[in-house]
file input03.txt (compact mmCIF, C-alpha atoms)
# COMPACT_ATOMS: atom_id res chain seq x y z
CA MET G 1 -5.82 -0.27 28.64
CA ILE G 2 -5.85 0.81 24.99
CA THR G 3 -2.35 0.82 23.56
CA LYS G 4 -2.61 1.46 19.86
CA VAL G 5 -4.76 1.39 16.75
CA SER G 6 -4.68 -2.00 15.03
CA HIS G 7 -7.43 -1.54 12.40
CA MET G 8 -9.00 1.48 10.74
CA SER G 9 -12.01 1.51 8.42
CA LEU G 10 -11.85 3.15 5.01
CA PHE G 11 -15.16 3.37 3.17
CA VAL G 12 -14.90 3.45 -0.62
CA LEU G 13 -17.16 3.47 -3.65
CA ASP G 14 -15.33 0.59 -5.32
CA GLN G 15 -12.80 -1.85 -3.84
CA ASP G 16 -11.05 -2.62 -7.15
CA LYS G 17 -10.46 1.08 -7.87
CA ALA G 18 -9.35 1.60 -4.28
CA PHE G 19 -6.90 -1.31 -4.66
CA ASP G 20 -5.44 0.28 -7.77
CA PHE G 21 -5.05 3.64 -6.03
CA TYR G 22 -3.64 2.55 -2.68
CA VAL G 23 -1.58 -0.47 -3.73
CA ASN G 24 -0.48 0.34 -7.30
CA LYS G 25 -0.15 4.14 -7.06
CA LEU G 26 0.58 4.86 -3.40
CA GLY G 27 2.56 1.71 -2.65
CA PHE G 28 0.47 0.42 0.24
CA LYS G 29 0.96 -3.27 0.95
CA ILE G 30 -1.73 -5.93 0.78
CA HIS G 31 -2.28 -7.54 4.18
CA THR G 32 -5.36 -9.71 3.47
CA ASP G 33 -7.48 -10.04 0.34
CA GLN G 34 -10.00 -12.78 0.99
CA LYS G 35 -13.34 -13.23 -0.73
CA MET G 36 -15.99 -15.15 1.17
CA ASP G 37 -18.42 -17.43 -0.65
CA ASN G 38 -21.26 -14.98 -0.03
CA GLY G 39 -19.36 -12.32 -1.96
CA PHE G 40 -18.02 -10.28 0.96
CA ARG G 41 -14.45 -9.19 0.23
CA TRP G 42 -12.20 -8.66 3.25
CA LEU G 43 -9.47 -6.42 1.91
CA THR G 44 -6.95 -4.91 4.28
CA ILE G 45 -3.88 -2.89 3.38
CA THR G 46 -1.01 -1.40 5.37
CA PRO G 47 0.90 1.84 4.81
CA PRO G 48 4.39 1.30 3.33
CA GLU G 49 6.19 1.79 6.65
CA GLN G 50 3.46 0.81 9.15
CA PRO G 51 3.00 -2.95 8.78
CA ASP G 52 1.00 -3.26 11.99
CA LEU G 53 -1.73 -0.78 11.04
CA GLU G 54 -4.38 -2.61 9.01
CA ILE G 55 -6.76 -0.47 7.00
CA ALA G 56 -9.97 -2.30 6.14
CA VAL G 57 -11.11 -1.15 2.70
CA LEU G 58 -14.88 -1.46 2.87
CA ALA G 59 -17.54 -1.07 0.18
CA PRO G 60 -20.71 0.01 2.03
CA LEU G 61 -22.76 0.31 -1.17
CA THR G 62 -22.56 -3.43 -1.83
CA PRO G 63 -26.03 -4.87 -1.05
CA GLY G 64 -25.91 -6.69 2.27
CA ALA G 65 -22.56 -5.18 3.22
CA MET G 66 -22.17 -5.01 6.98
CA GLY G 67 -25.92 -5.27 7.46
CA TYR G 68 -26.57 -1.70 6.31
CA ASP G 69 -30.13 -0.90 5.32
CA ASP G 70 -31.11 1.04 2.19
CA GLU G 71 -31.21 4.35 4.00
CA THR G 72 -27.68 3.91 5.37
CA ARG G 73 -26.36 2.89 1.97
CA LYS G 74 -27.96 5.97 0.42
CA ALA G 75 -26.25 8.17 3.00
CA PHE G 76 -22.87 6.57 2.26
CA LYS G 77 -23.44 6.98 -1.49
CA LEU G 78 -24.16 10.68 -1.06
CA LEU G 79 -21.08 11.33 1.06
CA LEU G 80 -18.69 9.23 -1.02
CA GLU G 81 -19.83 10.64 -4.35
CA LYS G 82 -19.34 14.15 -2.98
CA ASN G 83 -15.82 13.15 -1.89
CA ALA G 84 -16.83 14.43 1.53
CA MET G 85 -14.95 11.96 3.69
CA GLY G 86 -11.74 13.35 5.11
CA ALA G 87 -9.82 10.17 5.70
CA GLY G 88 -6.72 11.57 7.39
CA VAL G 89 -3.18 12.78 6.88
CA LEU G 90 -0.59 10.91 4.86
CA GLU G 91 3.02 11.62 5.62
CA THR G 92 5.67 12.05 2.93
CA PRO G 93 9.38 12.83 3.14
CA ASP G 94 8.91 15.27 0.23
CA CYS G 95 5.55 16.74 -0.68
CA ARG G 96 6.60 18.26 -4.01
CA ALA G 97 8.15 15.01 -5.28
CA THR G 98 5.11 12.99 -4.24
CA TYR G 99 2.79 15.51 -5.84
CA GLU G 100 4.72 15.51 -9.15
CA GLU G 101 4.81 11.74 -9.33
CA LEU G 102 1.18 11.10 -8.44
CA LYS G 103 -0.10 13.92 -10.63
CA ALA G 104 1.70 12.30 -13.57
CA LYS G 105 -0.14 9.08 -12.67
CA GLY G 106 -3.51 10.82 -12.91
CA VAL G 107 -4.21 11.37 -9.22
CA GLN G 108 -6.51 14.33 -8.45
CA PHE G 109 -5.25 17.15 -6.24
CA LYS G 110 -6.74 20.38 -5.01
CA GLY G 111 -4.15 23.00 -5.94
CA GLU G 112 -0.41 22.63 -5.47
CA PRO G 113 1.77 21.99 -2.42
CA LYS G 114 1.70 24.94 -0.01
CA GLU G 115 3.76 25.89 3.00
CA GLN G 116 1.78 25.69 6.25
CA PHE G 117 2.91 26.24 9.84
CA TYR G 118 3.19 22.46 10.27
CA GLY G 119 5.00 21.74 7.02
CA ILE G 120 4.28 21.52 3.30
CA GLU G 121 0.85 20.21 2.38
CA VAL G 122 -1.28 19.33 -0.62
CA ILE G 123 -4.86 18.00 -0.65
CA MET G 124 -5.42 14.76 -2.56
CA SER G 125 -8.43 12.67 -3.54
CA ASP G 126 -8.33 8.88 -3.67
CA GLY G 127 -10.94 8.89 -6.44
CA VAL G 128 -13.26 6.59 -4.46
CA GLY G 129 -14.79 9.00 -1.98
CA ASN G 130 -12.05 10.23 0.33
CA TRP G 131 -9.65 13.14 0.53
CA TYR G 132 -6.37 13.41 2.40
CA SER G 133 -3.86 15.95 3.50
CA VAL G 134 -0.48 14.82 2.14
CA THR G 135 2.02 16.45 4.46
CA GLN G 136 5.77 16.81 4.67
CA GLN G 137 6.29 17.58 8.35
CA LYS G 138 8.30 20.63 9.26
CA ALA G 139 11.84 19.65 10.29
CA HIS G 140 12.52 20.42 13.97
CA MET D 1 18.45 25.71 -0.51
CA PRO D 2 15.15 24.90 -2.29
CA ILE D 3 15.19 22.47 -5.19
CA PRO D 4 14.02 24.02 -8.51
CA ALA D 5 10.86 22.58 -10.08
CA ASP D 6 12.68 21.22 -13.15
CA ILE D 7 15.14 19.32 -10.93
CA TYR D 8 12.23 17.84 -8.99
CA LYS D 9 10.77 16.58 -12.25
CA LYS D 10 14.09 14.96 -13.20
CA LEU D 11 14.42 13.23 -9.84
CA VAL D 12 10.84 12.00 -9.97
CA HIS D 13 11.44 10.73 -13.51
CA ALA D 14 14.47 8.76 -12.29
CA LYS D 15 12.55 7.38 -9.33
CA VAL D 16 9.75 6.21 -11.66
CA PHE D 17 12.45 4.65 -13.87
CA ILE D 18 13.50 2.55 -10.86
CA ASP D 19 9.84 1.64 -10.26
CA GLU D 20 9.47 0.41 -13.83
CA HIS D 21 12.87 -1.28 -14.34
CA PHE D 22 13.88 -2.60 -10.90
CA ASP D 23 13.84 -6.17 -12.21
CA SER D 24 16.54 -5.34 -14.77
CA PRO D 25 20.28 -5.03 -14.03
CA ILE D 26 20.22 -1.23 -13.58
CA ASP D 27 22.86 0.70 -11.66
CA LEU D 28 23.42 4.22 -10.39
CA ASP D 29 24.89 5.36 -13.69
CA ALA D 30 21.80 4.24 -15.60
CA ILE D 31 19.43 5.79 -13.07
CA ALA D 32 21.34 9.10 -12.88
CA GLY D 33 21.39 9.08 -16.66
CA GLU D 34 17.58 9.09 -16.66
CA ALA D 35 17.70 12.28 -14.62
CA CYS D 36 20.42 13.79 -16.84
CA ILE D 37 22.31 14.77 -13.70
CA SER D 38 25.82 13.75 -12.61
CA ARG D 39 26.03 10.65 -10.46
CA PHE D 40 27.22 12.60 -7.43
CA HIS D 41 24.51 15.25 -7.54
CA PHE D 42 21.83 12.71 -8.36
CA HIS D 43 22.79 10.59 -5.32
CA ARG D 44 22.79 13.64 -3.05
CA LEU D 45 19.46 15.00 -4.31
CA PHE D 46 17.73 11.60 -4.30
CA ARG D 47 18.77 11.04 -0.71
CA ARG D 48 17.58 14.53 0.23
CA ILE D 49 14.13 14.01 -1.31
CA TYR D 50 13.47 10.33 -0.58
CA LYS D 51 15.47 9.99 2.66
CA ARG D 52 17.31 6.94 1.31
CA THR D 53 19.93 6.27 -1.33
CA PRO D 54 18.96 5.17 -4.86
CA HIS D 55 20.46 1.75 -4.10
CA GLN D 56 18.42 1.39 -0.91
CA TYR D 57 15.27 2.34 -2.80
CA LEU D 58 16.06 -0.11 -5.63
CA THR D 59 16.62 -2.91 -3.12
CA SER D 60 13.35 -2.17 -1.34
CA LYS D 61 11.43 -2.28 -4.65
CA ARG D 62 12.97 -5.66 -5.45
CA ILE D 63 12.19 -7.07 -2.00
CA ASP D 64 8.65 -5.75 -2.18
CA HIS D 65 8.08 -7.43 -5.53
CA ALA D 66 9.63 -10.63 -4.21
CA ARG D 67 7.02 -10.64 -1.43
CA ARG D 68 4.25 -10.39 -3.99
CA ILE D 69 5.65 -13.23 -6.11
CA LEU D 70 6.17 -15.43 -3.04
CA ALA D 71 2.55 -14.78 -2.10
CA ALA D 72 1.14 -15.53 -5.54
CA ALA D 73 3.33 -18.06 -7.32
CA ASP D 74 4.92 -21.42 -6.61
CA CYS D 75 8.29 -20.74 -8.19
CA SER D 76 11.46 -21.50 -6.26
CA VAL D 77 13.29 -18.91 -4.17
CA GLY D 78 16.02 -18.96 -6.81
CA GLU D 79 13.53 -18.12 -9.53
CA VAL D 80 12.05 -15.31 -7.43
CA CYS D 81 15.57 -13.96 -6.92
CA MET D 82 16.17 -13.79 -10.68
CA ARG D 83 12.73 -12.40 -11.47
CA VAL D 84 13.15 -9.40 -9.21
CA GLY D 85 16.61 -8.46 -10.46
CA PHE D 86 19.03 -9.92 -7.94
CA GLU D 87 22.00 -11.80 -9.32
CA SER D 88 22.84 -13.86 -6.25
CA ILE D 89 20.50 -15.97 -4.11
CA GLY D 90 22.75 -15.36 -1.12
CA SER D 91 22.42 -11.57 -1.37
CA PHE D 92 18.70 -11.81 -2.07
CA SER D 93 18.02 -14.03 0.96
CA MET D 94 20.17 -11.92 3.25
CA LEU D 95 18.58 -8.64 2.16
CA PHE D 96 15.08 -10.15 2.29
CA LYS D 97 15.60 -11.34 5.85
CA LYS D 98 17.10 -8.00 6.84
CA GLU D 99 14.06 -6.12 5.53
CA ILE D 100 11.23 -8.55 6.32
CA GLY D 101 12.61 -10.36 9.36
CA VAL D 102 12.41 -13.90 8.00
CA ALA D 103 13.97 -15.78 5.10
CA PRO D 104 12.00 -15.96 1.81
CA GLY D 105 11.03 -19.61 2.26
CA GLU D 106 9.79 -19.02 5.80
CA TYR D 107 7.84 -15.98 4.66
CA ARG D 108 6.03 -18.03 2.03
CA ALA D 109 5.26 -20.84 4.46
CA ALA D 110 3.81 -18.44 7.05
CA LEU D 111 1.67 -16.79 4.39
CA LYS D 112 0.27 -20.13 3.18
CA LEU D 113 -0.67 -21.02 6.74
CA SER D 114 -2.46 -17.76 7.44
CA ARG D 115 -4.33 -17.97 4.12
CA ALA D 116 -5.48 -21.50 4.86
CA MET D 117 -6.76 -20.33 8.22
CA ALA D 118 -8.53 -17.35 6.67
CA GLU D 119 -10.31 -19.63 4.20
CA GLU D 120 -11.33 -22.25 6.73
CA GLN D 121 -12.19 -20.00 9.60
CA PRO D 122 -12.75 -16.41 8.51
CA ARG D 123 -14.11 -15.56 11.95
CA ARG D 124 -10.59 -15.99 13.29
CA VAL D 125 -9.23 -13.45 10.86
CA ILE D 126 -11.89 -10.77 10.49
CA PRO D 127 -12.89 -8.63 13.48
CA HIS D 128 -16.49 -9.58 14.24
CA CYS D 129 -17.83 -6.04 14.09
CA PHE D 130 -17.27 -6.15 10.33
CA ILE D 131 -19.05 -9.43 9.71
CA ALA D 132 -21.80 -9.57 12.31
CA GLU D 133 -24.51 -9.10 9.71
CA ILE D 134 -23.14 -11.14 6.83
CA ILE D 135 -23.65 -14.60 8.27
CA SER D 136 -26.14 -16.51 6.19
CA GLU D 137 -27.02 -20.10 5.36
CA LYS D 138 -24.81 -19.89 2.30
CA SER D 139 -21.87 -18.37 4.13
CA ASN D 140 -18.72 -20.32 4.85
CA ILE D 141 -18.50 -18.46 8.14
CA GLN D 142 -19.37 -20.82 10.97
CA GLU D 143 -21.71 -19.74 13.78
CA ALA D 144 -20.01 -19.41 17.17
CA GLY D 145 -22.01 -22.39 18.44
CA ASP D 146 -20.73 -24.84 15.82
CA ALA D 147 -18.96 -27.74 17.37
CA GLY D 148 -15.42 -28.54 17.85
CA LYS D 149 -13.21 -26.63 15.44
CA GLY D 150 -11.57 -24.95 18.45

call {"tool": "encode", "arguments": {"input": "input03.txt", "output": "structure tokens"}}
result
Amino acid sequence: MITKVSHMSLFVLDQDKAFDFYVNKLGFKIHTDQKMDNGFRWLTITPPEQPDLEIAVLAPLTPGAMGYDDETRKAFKLLLEKNAMGAGVLETPDCRATYEELKAKGVQFKGEPKEQFYGIEVIMSDGVGNWYSVTQQKAH
Amino acid sequence: MPIPADIYKKLVHAKVFIDEHFDSPIDLDAIAGEACISRFHFHRLFRRIYKRTPHQYLTSKRIDHARRILAAADCSVGEVCMRVGFESIGSFSMLFKKEIGVAPGEYRAALKLSRAMAEEQPRRVIPHCFIAEIISEKSNIQEAGDAGKG
């Protein structure tokens, strides 16, 4: 019986830049940052208030990473460089405040926060291949 | 009643001030001063936007930084306490345990143990689907058939 999600994969162009974005700018916590002697870096982070959800930050363009062949790496490169990967929805208690703060820190957004039927939302890029909906849920 | 854009900017500025100065002896007056808003209104607006009081947010920043120092450095719990802006080890330890679930010393010990395990036996830490193809002669990852490490 499946009960919950324990790990999610997040594919990025560069693990160092992803670290800077998620940990230094968004406030995610480092769960594990372990480099193996063959160069593989196991980096997992957790959202600020979800310590049991590990997000594995993976760099599929690294030669040899996860056994991907050249063709697969090329496909990843194309998608990540186009910022085509919709990674999910990030929740915030206040969309406007989060937008103002992160914009001042150089984070890229598509437009400004907008009222939707589900709350207030703005679209954000992590700068390493993924975009998110940053959403302040409608109060019930 | 919606919050005007200029007020948002002031509140965000004050929140960033906390982010950058949490390890100093700052208080609500200093933080509200950064926003150029009265203490009362600042407290009310901060709580409305960030769903916690300025003091709660300041404490969480200090505890979070304490976790990072405990993970990276060998300084004493007392030194960590001072470095993150607490003035009393008693308060620091109590608040740390309240937020993290264990005392600072126990937290560090548990972290050291899990790191040692990750270094010696990565297969026990990394889900195999992520590493199935990275095993090589030069890897420190042991094959499943290797004897006796249990």

call {"tool": "residues_around", "arguments": {"input": "input03.txt", "residues": "D:Leu95", "least_positions_apart": "5", "cutoff": "12 Å", "atoms": "only C-alpha atoms", "output": "PyMOL selection string"}}
result
chain D and resi 56+58-64+66+81+86+88-90+100-104

call {"tool": "closest_atom_pairs", "arguments": {"input": "input03.txt", "of": "chain G", "to": "chain D", "cutoff": "8 Å", "atoms": "all atoms listed in the file", "output": "Markdown table"}}
result
| residue | atom | partner | partner_atom | distance |
| --- | --- | --- | --- | --- |
| G:Gln34 | CA | D:Ala118 | CA | 7.4 |
| G:Met36 | CA | D:Asn140 | CA | 6.9 |
| G:Asp37 | CA | D:Ser139 | CA | 6.0 |
| G:Asn38 | CA | D:Ser139 | CA | 5.4 |
| G:Phe40 | CA | D:Ile134 | CA | 7.8 |
| G:Trp42 | CA | D:Ile126 | CA | 7.5 |
| G:Gly64 | CA | D:Ile134 | CA | 6.9 |
| G:Ala65 | CA | D:Ile134 | CA | 7.0 |
| G:Met66 | CA | D:Glu133 | CA | 5.4 |
| G:Gly67 | CA | D:Glu133 | CA | 4.7 |
| G:Pro93 | CA | D:Tyr50 | CA | 6.1 |
| G:Asp94 | CA | D:Ile49 | CA | 5.6 |
| G:Arg96 | CA | D:Tyr8 | CA | 7.5 |
| G:Ala97 | CA | D:Val12 | CA | 6.2 |
| G:Glu100 | CA | D:Lys9 | CA | 6.9 |
| G:Glu101 | CA | D:Val12 | CA | 6.1 |

call {"tool": "closest_residue", "arguments": {"input": "input03.txt", "among": "G:His7, G:Arg73, G:His140, G:Lys25", "to": "G:Lys103", "atoms": "all atoms listed in the file"}}
result
G:Lys25

call {"tool": "atom_distance", "arguments": {"input": "input03.txt", "atom1": "atom CA of D:Cys36", "atom2": "atom CA of D:Phe17"}}
result
12.5 Å

call {"tool": "residues_around", "arguments": {"input": "input03.txt", "residues": "D:Asp29", "least_positions_apart": "2", "cutoff": "10 Å", "atoms": "all atoms listed in the file", "output": "list in words"}}
result
Ile26, Asp27, Ile31, Ala32, Gly33, Glu34, Ile37, Ser38, Arg39, Phe40 and Phe42 of chain D

call {"tool": "closest_residue", "arguments": {"input": "input03.txt", "among": "D:Glu20, D:Arg47, D:Ile69, D:Glu99", "to": "D:Arg83", "atoms": "all atoms listed in the file"}}
result
D:Ile69

call {"tool": "axis_aligned_box", "arguments": {"input": "input03.txt", "around": "stretch 81-85 of chain G", "padding_each_side": "5 Å", "output": "lines of an AutoDock Vina configuration file"}}
result
center_x = -17.4
center_y = 12.5
center_z = -0.3
size_x = 14.9
size_y = 13.8
size_z = 18.0

call {"tool": "residues_near_point", "arguments": {"input": "input03.txt", "point": "(-13.4, 12.4, 4.8)", "cutoff": "9 Å", "atoms": "only C-alpha atoms", "output": "MDAnalysis selection string"}}
result
chainID G and resid 79:80 83:88 129:132

call {"tool": "atom_distance", "arguments": {"input": "input03.txt", "atom1": "atom CA of G:Ile45", "atom2": "atom CA of G:Ala104"}}
result
23.4 Å

call {"tool": "residues_around", "arguments": {"input": "input03.txt", "residues": "G:Phe11", "least_positions_apart": "3", "cutoff": "8 Å", "atoms": "all atoms listed in the file", "output": "list in words"}}
result
Val57, Leu58, Ala59, Pro60 and Gly129 of chain G

call {"tool": "closest_residue", "arguments": {"input": "input03.txt", "among": "D:Ala109, D:Ala73, D:Ala14, D:Leu45", "to": "D:Ala30", "atoms": "only C-alpha atoms"}}
result
D:Ala14

call {"tool": "closest_residue", "arguments": {"input": "input03.txt", "among": "G:Val5, G:Ile123, G:Val128, G:Leu102", "to": "G:Gly27", "atoms": "only C-alpha atoms"}}
result
G:Leu102

call {"tool": "closest_residue", "arguments": {"input": "input03.txt", "among": "G:Lys82, G:Phe117, G:Asp70, G:Ser125", "to": "G:Lys138", "atoms": "all atoms listed in the file"}}
result
G:Phe117

call {"tool": "atom_distance", "arguments": {"input": "input03.txt", "atom1": "atom CA of D:Met1", "atom2": "atom CA of D:Thr53"}}
result
19.5 Å

call {"tool": "closest_residue", "arguments": {"input": "input03.txt", "among": "G:Phe19, G:Tyr118, G:Phe76, G:Tyr68", "to": "G:Ala56", "atoms": "all atoms listed in the file"}}
result
G:Phe19

call {"tool": "residues_around", "arguments": {"input": "input03.txt", "residues": "G:Pro113", "least_positions_apart": "2", "cutoff": "8 Å", "atoms": "only C-alpha atoms", "output": "NGL selection string"}}
result
:G and (95-96 or 99 or 111 or 115 or 120-123)
